[in-house]
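What's in structure-v4.csv: CSV, C-alpha atoms and all ligand atoms
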chain,number,residue,atom,x,y,z
B,1,MET,CA,57.2,67.5,236.5
B,2,LYS,CA,58.0,64.7,234.0
B,3,LYS,CA,61.3,63.7,232.3
B,4,TYR,CA,61.2,63.3,228.5
B,5,ILE,CA,63.7,62.4,225.8
B,6,VAL,CA,63.3,64.4,222.6
B,7,THR,CA,65.4,63.1,219.8
B,8,GLY,CA,65.8,65.6,217.0
B,9,GLY,CA,65.3,68.4,219.6
B,10,ALA,CA,67.7,70.7,217.9
B,11,GLY,CA,65.6,70.5,214.7
B,12,PHE,CA,62.6,72.5,213.7
B,13,VAL,CA,59.6,70.5,215.1
B,14,GLY,CA,61.6,68.8,217.9
B,15,SER,CA,62.9,72.1,219.3
B,16,THR,CA,59.4,73.6,219.2
B,17,LEU,CA,58.2,70.6,221.1
B,18,ALA,CA,61.1,70.7,223.6
B,19,ASP,CA,60.5,74.4,224.3
B,20,ARG,CA,56.9,73.7,225.1
B,21,LEU,CA,57.7,70.8,227.4
B,22,ILE,CA,60.3,72.8,229.3
B,23,GLU,CA,58.0,75.9,229.5
B,24,GLU,CA,55.4,73.6,231.1
B,25,GLY,CA,58.0,72.7,233.8
B,26,ASN,CA,59.3,69.3,232.5
B,27,GLU,CA,62.8,68.0,232.3
B,28,VAL,CA,64.0,67.4,228.7
B,29,ILE,CA,67.0,65.5,227.4
B,30,ILE,CA,67.7,66.3,223.7
B,31,ILE,CA,69.6,63.9,221.5
B,32,ASP,CA,70.5,65.3,218.1
B,33,ASN,CA,73.4,64.8,215.6
B,34,LEU,CA,73.0,68.4,214.3
B,35,HIS,CA,72.7,67.1,210.7
B,36,THR,CA,69.9,69.5,209.9
B,37,GLY,CA,69.4,70.9,213.4
B,38,SER,CA,71.2,73.7,215.1
B,39,LYS,CA,72.5,74.4,218.7
B,40,GLU,CA,70.7,77.8,218.5
B,41,ASN,CA,67.4,75.9,218.5
B,42,VAL,CA,68.2,74.1,221.8
B,43,HIS,CA,66.5,75.5,224.9
B,44,PRO,CA,69.1,76.6,227.5
B,45,ASP,CA,67.4,74.5,230.2
B,46,ALA,CA,67.5,71.3,228.1
B,47,LYS,CA,70.2,68.7,228.6
B,48,PHE,CA,71.8,68.3,225.2
B,49,ILE,CA,73.6,65.3,223.9
B,50,GLU,CA,75.2,65.6,220.5
B,51,SER,CA,74.9,62.1,219.0
B,52,ASP,CA,73.3,59.9,216.4
B,53,VAL,CA,70.3,58.0,217.9
B,54,LEU,CA,72.0,54.8,216.7
B,55,ASP,CA,75.0,55.4,219.0
B,56,ILE,CA,73.1,56.1,222.1
B,57,ASP,CA,73.3,53.6,225.0
B,58,PHE,CA,69.9,54.1,226.6
B,59,ASN,CA,71.1,52.1,229.6
B,60,ASP,CA,73.2,55.1,230.7
B,61,GLU,CA,72.1,56.5,234.0
B,62,ILE,CA,71.1,59.8,232.5
B,63,PHE,CA,68.1,58.1,230.9
B,64,GLU,CA,66.9,56.6,234.2
B,65,ASP,CA,63.3,57.4,235.2
B,66,VAL,CA,62.3,58.7,231.8
B,67,ASP,CA,58.5,59.2,231.5
B,68,GLY,CA,58.3,59.3,227.7
B,69,ILE,CA,60.3,59.4,224.5
B,70,TYR,CA,59.5,61.7,221.6
B,71,HIS,CA,61.4,60.4,218.6
B,72,LEU,CA,61.9,63.0,215.9
B,73,GLY,CA,65.6,62.6,215.3
B,74,ILE,CA,65.2,60.9,212.0
B,75,SER,CA,66.6,62.0,208.6
B,76,SER,CA,63.9,64.3,207.6
B,77,SER,CA,63.7,64.6,203.9
B,78,SER,CA,63.1,62.3,200.9
B,79,PRO,CA,66.1,63.5,198.8
B,80,MET,CA,68.4,62.4,201.7
B,81,TYR,CA,67.2,58.8,201.2
B,82,LYS,CA,67.4,58.9,197.4
B,83,LYS,CA,71.1,59.9,197.8
B,84,ASP,CA,71.7,57.2,200.4
B,85,PRO,CA,69.1,54.4,200.4
B,86,SER,CA,70.9,52.7,203.3
B,87,LEU,CA,69.2,55.4,205.5
B,88,VAL,CA,66.1,53.2,205.3
B,89,GLY,CA,67.8,50.5,207.3
B,90,LYS,CA,69.5,53.0,209.6
B,91,ILE,CA,66.3,54.7,210.7
B,92,ILE,CA,64.6,51.4,211.4
B,93,ASN,CA,67.6,50.3,213.6
B,94,GLU,CA,67.5,53.6,215.4
B,95,HIS,CA,63.8,53.1,216.1
B,96,ILE,CA,64.6,49.7,217.4
B,97,ASN,CA,67.2,51.2,219.8
B,98,VAL,CA,64.4,53.6,221.1
B,99,LEU,CA,61.8,50.7,221.3
B,100,GLU,CA,64.3,48.5,223.2
B,101,LYS,CA,64.6,51.2,225.8
B,102,ALA,CA,60.8,51.6,225.8
B,103,LYS,CA,60.4,47.9,226.3
B,104,SER,CA,62.7,47.6,229.2
B,105,LYS,CA,60.9,50.2,231.3
B,106,LYS,CA,57.5,50.4,229.7
B,107,ILE,CA,58.1,53.9,228.5
B,108,PRO,CA,55.6,55.4,226.0
B,109,VAL,CA,56.9,56.5,222.6
B,110,VAL,CA,55.5,59.0,220.1
B,111,PHE,CA,57.4,59.4,216.9
B,112,ALA,CA,57.3,61.3,213.6
B,113,SER,CA,55.9,59.4,210.7
B,114,THR,CA,54.8,61.3,207.6
B,115,SER,CA,52.0,62.0,205.2
B,116,SER,CA,54.4,60.8,202.4
B,117,VAL,CA,53.1,57.3,203.2
B,118,TYR,CA,50.0,58.4,201.1
B,119,SER,CA,52.2,59.1,198.0
B,120,GLY,CA,50.3,57.9,194.9
B,121,GLN,CA,46.9,58.0,196.7
B,122,GLU,CA,44.2,60.5,196.0
B,123,PRO,CA,43.0,62.7,198.9
B,124,HIS,CA,41.4,62.8,201.5
B,125,HIS,CA,44.2,60.8,203.0
B,126,HIS,CA,43.0,58.5,205.7
B,127,GLU,CA,44.8,56.0,207.8
B,128,LYS,CA,43.1,52.9,206.3
B,129,MET,CA,44.6,53.6,202.9
B,130,GLU,CA,47.2,51.2,201.5
B,131,VAL,CA,50.8,52.3,201.6
B,132,LEU,CA,52.1,52.1,198.1
B,133,VAL,CA,55.7,51.4,197.2
B,134,THR,CA,56.8,54.8,196.0
B,135,ASP,CA,60.2,55.8,197.5
B,136,TYR,CA,62.8,55.1,200.1
B,137,TYR,CA,61.7,57.7,202.6
B,138,THR,CA,58.2,56.2,202.7
B,139,GLU,CA,59.5,52.7,203.1
B,140,GLY,CA,61.6,53.8,206.1
B,141,ARG,CA,58.6,55.4,208.0
B,142,TYR,CA,56.3,52.5,207.0
B,143,GLY,CA,58.9,50.1,208.4
B,144,MET,CA,59.0,52.2,211.7
B,145,GLU,CA,55.2,52.0,212.0
B,146,ARG,CA,55.2,48.2,211.5
B,147,ILE,CA,58.1,47.5,213.9
B,148,SER,CA,56.2,49.6,216.5
B,149,GLU,CA,53.2,47.3,216.1
B,150,LEU,CA,55.5,44.3,216.6
B,151,TYR,CA,56.9,45.8,219.9
B,152,ALA,CA,53.3,46.6,221.1
B,153,ASN,CA,52.1,43.0,220.3
B,154,GLN,CA,55.1,41.2,221.6
B,155,HIS,CA,56.4,43.4,224.4
B,156,GLY,CA,53.4,45.6,225.5
B,157,VAL,CA,55.2,48.8,224.3
B,158,ASN,CA,52.8,51.8,223.8
B,159,VAL,CA,53.6,53.8,220.7
B,160,ILE,CA,52.0,56.2,218.3
B,161,GLY,CA,53.4,57.4,215.0
B,162,LEU,CA,52.0,60.8,213.9
B,163,ARG,CA,51.8,61.2,210.1
B,164,LEU,CA,52.8,64.8,209.8
B,165,PHE,CA,51.4,66.9,207.0
B,166,SER,CA,53.7,69.8,205.6
B,167,VAL,CA,54.7,71.5,208.8
B,168,TYR,CA,55.8,75.1,208.8
B,169,GLY,CA,56.8,77.4,211.7
B,170,LYS,CA,59.2,79.7,213.4
B,171,LYS,CA,62.3,77.6,213.9
B,172,GLU,CA,63.0,76.3,210.4
B,173,LYS,CA,66.1,78.5,209.5
B,174,ALA,CA,68.6,75.7,210.0
B,175,LYS,CA,66.8,73.4,207.5
B,176,LYS,CA,67.7,75.8,204.7
B,177,THR,CA,66.6,74.2,201.4
B,178,TYR,CA,64.8,71.4,203.3
B,179,ALA,CA,62.5,73.9,205.0
B,180,ASN,CA,58.8,74.0,204.1
B,181,LEU,CA,58.0,76.0,201.0
B,182,ILE,CA,56.1,78.6,203.0
B,183,SER,CA,59.3,79.5,204.9
B,184,GLN,CA,61.5,79.3,201.8
B,185,PHE,CA,59.1,81.5,199.8
B,186,MET,CA,58.7,84.0,202.7
B,187,TRP,CA,62.6,84.3,202.8
B,188,ASP,CA,62.6,84.8,199.0
B,189,LEU,CA,60.0,87.5,199.0
B,190,GLN,CA,61.7,89.3,201.9
B,191,ASP,CA,64.9,89.3,199.9
B,192,GLY,CA,63.1,90.6,196.8
B,193,LYS,CA,63.6,87.2,195.0
B,194,LYS,CA,61.0,85.4,192.8
B,195,PRO,CA,59.7,82.2,194.4
B,196,VAL,CA,60.5,79.3,192.0
B,197,VAL,CA,57.5,77.0,191.6
B,198,TYR,CA,57.8,73.5,190.1
B,199,GLY,CA,54.9,73.0,187.7
B,200,ASP,CA,51.9,75.2,187.4
B,201,GLY,CA,51.5,75.8,191.1
B,202,ASN,CA,48.1,74.1,191.3
B,203,GLN,CA,49.5,71.3,193.4
B,204,THR,CA,48.0,71.4,196.9
B,205,ARG,CA,49.3,70.9,200.4
B,206,ASP,CA,47.7,70.5,203.8
B,207,PHE,CA,50.0,73.0,205.5
B,208,THR,CA,50.1,72.5,209.3
B,209,TYR,CA,51.5,75.0,211.8
B,210,ALA,CA,54.2,73.7,214.1
B,211,ASP,CA,52.5,74.7,217.3
B,212,ASP,CA,49.5,72.6,216.3
B,213,ILE,CA,51.8,69.6,215.5
B,214,VAL,CA,53.4,70.0,219.0
B,215,GLU,CA,50.0,69.9,220.5
B,216,ALA,CA,49.3,66.6,218.6
B,217,PHE,CA,52.6,65.1,220.1
B,218,VAL,CA,51.6,66.1,223.6
B,219,LEU,CA,48.1,64.7,223.2
B,220,ALA,CA,49.4,61.5,221.7
B,221,MET,CA,51.7,61.0,224.7
B,222,LYS,CA,48.8,61.6,227.1
B,223,HIS,CA,46.7,59.1,225.2
B,224,LEU,CA,49.3,56.4,225.9
B,225,GLU,CA,49.1,56.8,229.7
B,226,GLY,CA,47.9,53.6,231.3
B,227,LYS,CA,47.8,51.6,228.0
B,228,ASN,CA,49.3,48.2,227.6
B,229,GLY,CA,50.6,47.1,224.1
B,230,PHE,CA,48.9,50.0,222.2
B,231,SER,CA,50.2,50.9,218.8
B,232,ASP,CA,48.7,53.2,216.2
B,233,PHE,CA,49.4,55.7,213.5
B,234,ILE,CA,47.4,58.9,213.2
B,235,ASN,CA,47.3,61.8,210.8
B,236,ALA,CA,48.4,65.2,212.1
B,237,GLY,CA,47.1,67.8,209.6
B,238,THR,CA,44.4,70.5,209.3
B,239,GLY,CA,42.0,68.8,206.9
B,240,LYS,CA,42.2,71.9,204.5
B,241,SER,CA,44.6,72.3,201.6
B,242,TYR,CA,45.8,75.2,199.5
B,243,THR,CA,47.5,75.4,196.2
B,244,ILE,CA,51.1,76.7,196.1
B,245,ASN,CA,49.8,79.7,194.1
B,246,GLU,CA,47.3,80.5,196.8
B,247,MET,CA,50.0,80.2,199.5
B,248,ILE,CA,52.3,82.6,197.6
B,249,ASP,CA,49.4,85.1,197.1
B,250,ILE,CA,48.8,85.1,200.9
B,251,LEU,CA,52.5,85.6,201.6
B,252,ASN,CA,52.7,88.5,199.1
B,253,LYS,CA,49.5,90.1,200.6
B,254,LYS,CA,50.8,89.8,204.2
B,255,LEU,CA,54.3,91.0,203.4
B,256,GLY,CA,53.0,93.9,201.2
B,257,THR,CA,55.0,92.6,198.2
B,258,THR,CA,53.9,92.0,194.6
B,259,ILE,CA,56.6,89.7,193.4
B,260,GLU,CA,55.7,87.3,190.6
B,261,LYS,CA,56.5,83.6,190.7
B,262,GLU,CA,58.8,81.8,188.3
B,263,HIS,CA,57.4,78.5,187.1
B,264,VAL,CA,59.7,75.5,186.1
B,265,ILE,CA,57.7,73.5,183.5
B,266,PRO,CA,57.6,70.6,183.2
B,267,ASN,CA,58.1,69.8,186.9
B,268,PRO,CA,61.6,68.3,187.1
B,269,ILE,CA,60.9,66.1,190.1
B,270,LYS,CA,60.1,62.4,189.3
B,271,CYS,CA,57.1,60.9,191.2
B,272,TYR,CA,56.1,64.4,192.5
B,273,VAL,CA,53.3,64.4,195.1
B,274,MET,CA,50.5,66.5,193.6
B,275,HIS,CA,48.1,66.7,196.5
B,276,THR,CA,48.1,66.1,200.3
B,277,LEU,CA,45.1,66.5,202.5
B,278,ALA,CA,44.6,64.9,205.9
B,279,ASP,CA,41.4,63.1,206.9
B,280,THR,CA,41.3,64.4,210.5
B,281,LYS,CA,38.6,62.2,211.9
B,282,LYS,CA,40.8,59.6,213.6
B,283,ALA,CA,43.0,62.3,215.2
B,284,LYS,CA,39.9,63.9,216.6
B,285,GLU,CA,38.4,60.7,217.9
B,286,THR,CA,41.5,59.0,219.2
B,287,ILE,CA,43.7,61.7,220.8
B,288,GLY,CA,41.4,64.7,220.7
B,289,PHE,CA,43.5,66.6,218.2
B,290,THR,CA,42.2,69.4,216.0
B,291,ALA,CA,44.6,71.9,214.4
B,292,LYS,CA,43.8,75.5,215.5
B,293,HIS,CA,45.7,77.7,213.1
B,294,SER,CA,44.4,78.5,209.7
B,295,LEU,CA,47.0,79.1,207.0
B,296,GLU,CA,46.5,82.8,207.3
B,297,ASP,CA,47.0,82.7,211.1
B,298,GLY,CA,50.1,80.6,210.8
B,299,ILE,CA,51.6,82.9,208.2
B,300,ASP,CA,50.8,85.9,210.4
B,301,GLU,CA,52.8,84.3,213.3
B,302,LEU,CA,55.7,83.4,211.0
B,303,ILE,CA,56.0,86.9,209.6
B,304,LYS,CA,55.7,88.5,213.0
B,305,GLU,CA,58.5,86.3,214.3
B,306,SER,CA,60.8,86.9,211.3
B,307,LYS,CA,60.3,90.7,211.7
B,308,LYS,CA,61.2,90.4,215.4
B,309,GLN,CA,64.4,88.5,214.5
B,310,THR,CA,65.5,91.2,212.0
B,311,GLN,CA,64.9,94.1,214.4
K,401,LIG,N1,58.5,69.3,208.7
K,401,LIG,C1,57.6,68.5,208.0
K,401,LIG,O1,56.9,69.0,207.2
K,401,LIG,C2,57.5,67.0,208.3
K,401,LIG,C3,56.6,66.3,207.6
K,401,LIG,C4,56.5,64.9,207.8
K,401,LIG,C5,57.4,64.3,208.7
K,401,LIG,N2,58.3,65.1,209.3
K,401,LIG,C6,59.2,64.4,210.3
K,401,LIG,O2,59.3,65.0,211.5
K,401,LIG,C7,60.6,64.9,212.1
K,401,LIG,C8,61.1,66.3,212.4
K,401,LIG,O3,61.1,67.1,211.2
K,401,LIG,P1,61.6,68.6,211.2
K,401,LIG,O4,60.9,69.3,210.1
K,401,LIG,O5,61.8,69.1,212.5
K,401,LIG,O6,63.1,68.3,210.5
K,401,LIG,P2,64.5,68.6,211.1
K,401,LIG,O7,65.5,68.2,210.0
K,401,LIG,O8,64.6,70.1,211.5
K,401,LIG,O9,64.6,67.8,212.4
K,401,LIG,C9,65.3,66.5,212.5
K,401,LIG,C10,66.3,66.7,213.6
K,401,LIG,O10,66.8,65.4,213.8
K,401,LIG,C11,68.2,65.4,213.8
K,401,LIG,N3,68.6,64.1,213.3
K,401,LIG,C12,68.4,63.5,212.1
K,401,LIG,N4,68.8,62.2,212.2
K,401,LIG,C13,69.3,62.0,213.4
K,401,LIG,C14,69.9,60.9,214.0
K,401,LIG,N5,70.0,59.7,213.4
K,401,LIG,N6,70.3,61.0,215.3
K,401,LIG,C15,70.1,62.2,216.0
K,401,LIG,N7,69.6,63.3,215.4
K,401,LIG,C16,69.2,63.2,214.2
K,401,LIG,C17,68.6,66.5,212.9
K,401,LIG,O11,69.9,67.1,213.1
K,401,LIG,C18,67.5,67.5,213.1
K,401,LIG,O12,67.8,68.4,214.2
K,401,LIG,C19,61.4,64.3,211.0
K,401,LIG,O13,61.5,62.9,211.3
K,401,LIG,C20,60.7,64.5,209.7
K,401,LIG,O14,60.9,63.5,208.8
K,401,LIG,C21,58.4,66.4,209.2
Translate the structure of the given file into structure tokens.
Ligand SMILES: NC(=O)c1ccc[n+]([C@@H]2O[C@H](COP(=O)([O-])OP(=O)(O)OC[C@H]3O[C@@H](n4cnc5c(N)ncnc54)[C@H](O)[C@@H]3O)[C@@H](O)[C@H]2O)c1
Amino acid sequence: MKKYIVTGGAGFVGSTLADRLIEEGNEVIIIDNLHTGSKENVHPDAKFIESDVLDIDFNDEIFEDVDGIYHLGISSSSPMYKKDPSLVGKIINEHINVLEKAKSKKIPVVFASTSSVYSGQEPHHHEKMEVLVTDYYTEGRYGMERISELYANQHGVNVIGLRLFSVYGKKEKAKKTYANLISQFMWDLQDGKKPVVYGDGNQTRDFTYADDIVEAFVLAMKHLEGKNGFSDFINAGTGKSYTINEMIDILNKKLGTTIEKEHVIPNPIKCYVMHTLADTKKAKETIGFTAKHSLEDGIDELIKESKKQTQ
């Protein structure tokens, strides 16, 4: 049995990860400010601390003997940063709080970075690509990646940032309008509403199922065992992308609905990301990660779960 901290463990991906760690017999401490998370997501066997990561004193005895920190408690969506650019500084300071704890006891850290660092770059998106200056959200995560490298070089901290590609899954309800389009459109179709698509719907996404992402986090943590001063950032995606139109067709087919989409043209979002597609080579070679769920499989699981909840 190991003892892990999962920040953001009341959120969508963090709670999926915490559930798995607990089901495998580990002890989990969740830190979450419930901004987009929900207490309903928190596993009953987790120790739950309702707090901002910035306000946590990691010297508290509850955090003694921690074997690893999964840091996902980070403001999770680009519009949040547009509204409040000071979040860029805040998330870097929170990351420093985590890394200072990691430094003091040589605790490995795996944190959530994002495929948004590839904004403005054509796919396939690979880790050697330059990060362009595109928005606040991207700058925050890029800053976290760079600070991680500094802590690895100067203090021997071991840290991996996973660049997550469009994650969808079962525990997204609390995210509401910040949830992945797959979940939002599934809810629309189930309510008999038309999914509203920005633009012509030919934009593409590398949609990745949450359970696969959780596997990537676990593998990344394992990879850090026995390392000294290791820092890297690695894509976590499937390597296959679909258009929004294709995704809605799959949802309609699987739900047995025939609801038409509504297009908003021109696309009202400035600097809209048109395509995401992970190059998966580094993930395979470094941490041994390959996503197992095809989009059809993931949507099947999502629909099965939502039917279970409404029974
Ligand atoms: N879901 C995706 O498609 C995706 C893609 C790329 C990156 N990510 C990143 O992965 C992480 C998890 O994403 P998610 O989809 O589960 O989002 P989420 O919003 O469900 O999870 C984030 C959780 O962290 C909490 N939180 C936010 N800021 C916090 C803070 N300062 N202190 C404590 N708790 C805080 C929120 O309340 C929430 O429970 C986020 O950092 C997100 O940016 C997600």
Inset, instruction - Check which residues fall inside 6 Å of ligand LIG 401 (chain K) when counting all atoms listed in the file, and print them as a ChimeraX atom specification. - result: /B:8-14,31-37,51-53,72-77,112-115,164-167,175
Inset, instruction - Pick out the closest residue to Val88 in chain B from this set: B:Glu139, B:Glu61, B:Glu122, B:Asp67. Count only C-alpha atoms. - result: B:Glu139
Legend entry - Computed interatomic separation between CA of Ala152 in chain B and CA of Thr286 in chain B (Å):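 About the pair CA of Ala152 in chain B and CA of Thr286 in chain B: they are 17.2 Å apart.
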Legend entry - Distance criterion (only C-alpha atoms): nearest to Asn180 in chain B out of B:Thr208, B:Thr16, B:Ser306, B:Thr257: B:Thr208
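For the residues B:Ala46, B:Ile22, B:Ile250, B:Leu87, ranking by smallest atom-to-atom distance to Leu189 in chain B using only C-alpha atoms places B:Ile250 first.
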Mind checking which residues fall within 9 Å of Leu255 in chain B, counting all atoms listed in the file, ignoring those fewer than 6 positions away in the same chain, and posting them as a PDB file with C-alpha atoms, in the frame of the given file?
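Result file result_29.pdb:
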ATOM      1  CA  MET B 186      58.700  84.000 202.700  1.00  0.00           C
ATOM      2  CA  LEU B 189      60.000  87.500 199.000  1.00  0.00           C
ATOM      3  CA  GLN B 190      61.700  89.300 201.900  1.00  0.00           C
ATOM      4  CA  ILE B 303      56.000  86.900 209.600  1.00  0.00           C
TER       5      ILE B 303
END
Legend entry - Of the listed residues B:Arg163, B:Arg146, B:Lys47, B:Lys101, that which approaches Asp60 in chain B most closely, counting all atoms listed in the file: B:Lys101
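The closest residue to Glu100 in chain B, picked from B:Ile62, B:Ala220, B:Leu54, B:Ile259 and counting all atoms listed in the file, is B:Leu54.
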Inset, instruction - Find the residues near His126 in chain B: any atom within 7 Å, counting all atoms listed in the file, skip ones fewer than 3 places away on the same chain, and give them as a ChimeraX atom specification. - result: /B:129,278-279
Is it possible to add all heavy atoms to range 300-309 of chain B and hand it back as a tab-separated table (two decimals), in the frame of the given file?
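Writing the result to out.tsv gives the following:
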chain	number	residue	atom	x	y	z
B	300	ASP	N	50.73	84.70	209.54
B	300	ASP	CA	50.80	85.90	210.40
B	300	ASP	C	51.89	85.74	211.45
B	300	ASP	O	52.74	86.59	211.66
B	300	ASP	CB	49.49	86.21	211.07
B	300	ASP	CG	48.53	86.98	210.18
B	300	ASP	OD1	49.02	87.60	209.20
B	300	ASP	OD2	47.32	86.95	210.44
B	301	GLU	N	51.83	84.59	212.15
B	301	GLU	CA	52.80	84.30	213.30
B	301	GLU	C	54.20	84.23	212.74
B	301	GLU	O	55.14	84.73	213.35
B	301	GLU	CB	52.38	83.08	214.02
B	301	GLU	CG	51.05	83.25	214.72
B	301	GLU	CD	50.96	82.52	216.05
B	301	GLU	OE1	52.00	82.05	216.56
B	301	GLU	OE2	49.85	82.44	216.59
B	302	LEU	N	54.33	83.57	211.59
B	302	LEU	CA	55.70	83.40	211.00
B	302	LEU	C	56.28	84.73	210.63
B	302	LEU	O	57.46	84.99	210.92
B	302	LEU	CB	55.45	82.56	209.71
B	302	LEU	CG	56.60	81.78	209.13
B	302	LEU	CD1	57.11	80.78	210.14
B	302	LEU	CD2	56.15	81.06	207.85
B	303	ILE	N	55.50	85.59	210.00
B	303	ILE	CA	56.00	86.90	209.60
B	303	ILE	C	56.33	87.76	210.80
B	303	ILE	O	57.37	88.42	210.86
B	303	ILE	CB	54.99	87.60	208.64
B	303	ILE	CG1	54.89	86.83	207.32
B	303	ILE	CG2	55.39	89.06	208.39
B	303	ILE	CD1	53.83	87.33	206.35
B	304	LYS	N	55.45	87.70	211.81
B	304	LYS	CA	55.70	88.50	213.00
B	304	LYS	C	57.04	88.07	213.65
B	304	LYS	O	57.85	88.92	213.99
B	304	LYS	CB	54.54	88.18	214.04
B	304	LYS	CG	54.22	89.38	214.92
B	304	LYS	CD	53.35	89.06	216.10
B	304	LYS	CE	52.03	88.38	215.82
B	304	LYS	NZ	51.43	87.73	216.99
B	305	GLU	N	57.29	86.77	213.72
B	305	GLU	CA	58.50	86.30	214.30
B	305	GLU	C	59.75	86.69	213.48
B	305	GLU	O	60.77	87.10	214.02
B	305	GLU	CB	58.47	84.74	214.44
B	305	GLU	CG	59.71	84.09	214.99
B	305	GLU	CD	59.99	84.43	216.46
B	305	GLU	OE1	59.06	84.89	217.16
B	305	GLU	OE2	61.14	84.24	216.88
B	306	SER	N	59.63	86.59	212.14
B	306	SER	CA	60.80	86.90	211.30
B	306	SER	C	61.11	88.41	211.39
B	306	SER	O	62.26	88.81	211.35
B	306	SER	CB	60.61	86.45	209.87
B	306	SER	OG	59.88	87.39	209.15
B	307	LYS	N	60.07	89.25	211.57
B	307	LYS	CA	60.30	90.70	211.70
B	307	LYS	C	61.01	90.96	213.06
B	307	LYS	O	61.91	91.78	213.15
B	307	LYS	CB	59.00	91.47	211.64
B	307	LYS	CG	58.51	91.58	210.19
B	307	LYS	CD	57.32	92.50	210.06
B	307	LYS	CE	56.93	92.63	208.60
B	307	LYS	NZ	55.51	93.00	208.43
B	308	LYS	N	60.59	90.20	214.10
B	308	LYS	CA	61.20	90.40	215.40
B	308	LYS	C	62.70	90.03	215.35
B	308	LYS	O	63.53	90.71	215.91
B	308	LYS	CB	60.52	89.36	216.39
B	308	LYS	CG	60.09	90.01	217.72
B	308	LYS	CD	59.80	89.01	218.79
B	308	LYS	CE	58.46	88.32	218.64
B	308	LYS	NZ	58.33	87.18	219.57
B	309	GLN	N	63.03	88.97	214.58
B	309	GLN	CA	64.40	88.50	214.50
B	309	GLN	C	65.31	89.52	213.74
B	309	GLN	O	66.52	89.57	213.95
B	309	GLN	CB	64.51	87.16	213.83
B	309	GLN	CG	64.14	86.05	214.79
B	309	GLN	CD	64.02	84.70	214.10
B	309	GLN	OE1	64.33	84.55	212.93
B	309	GLN	NE2	63.56	83.72	214.84
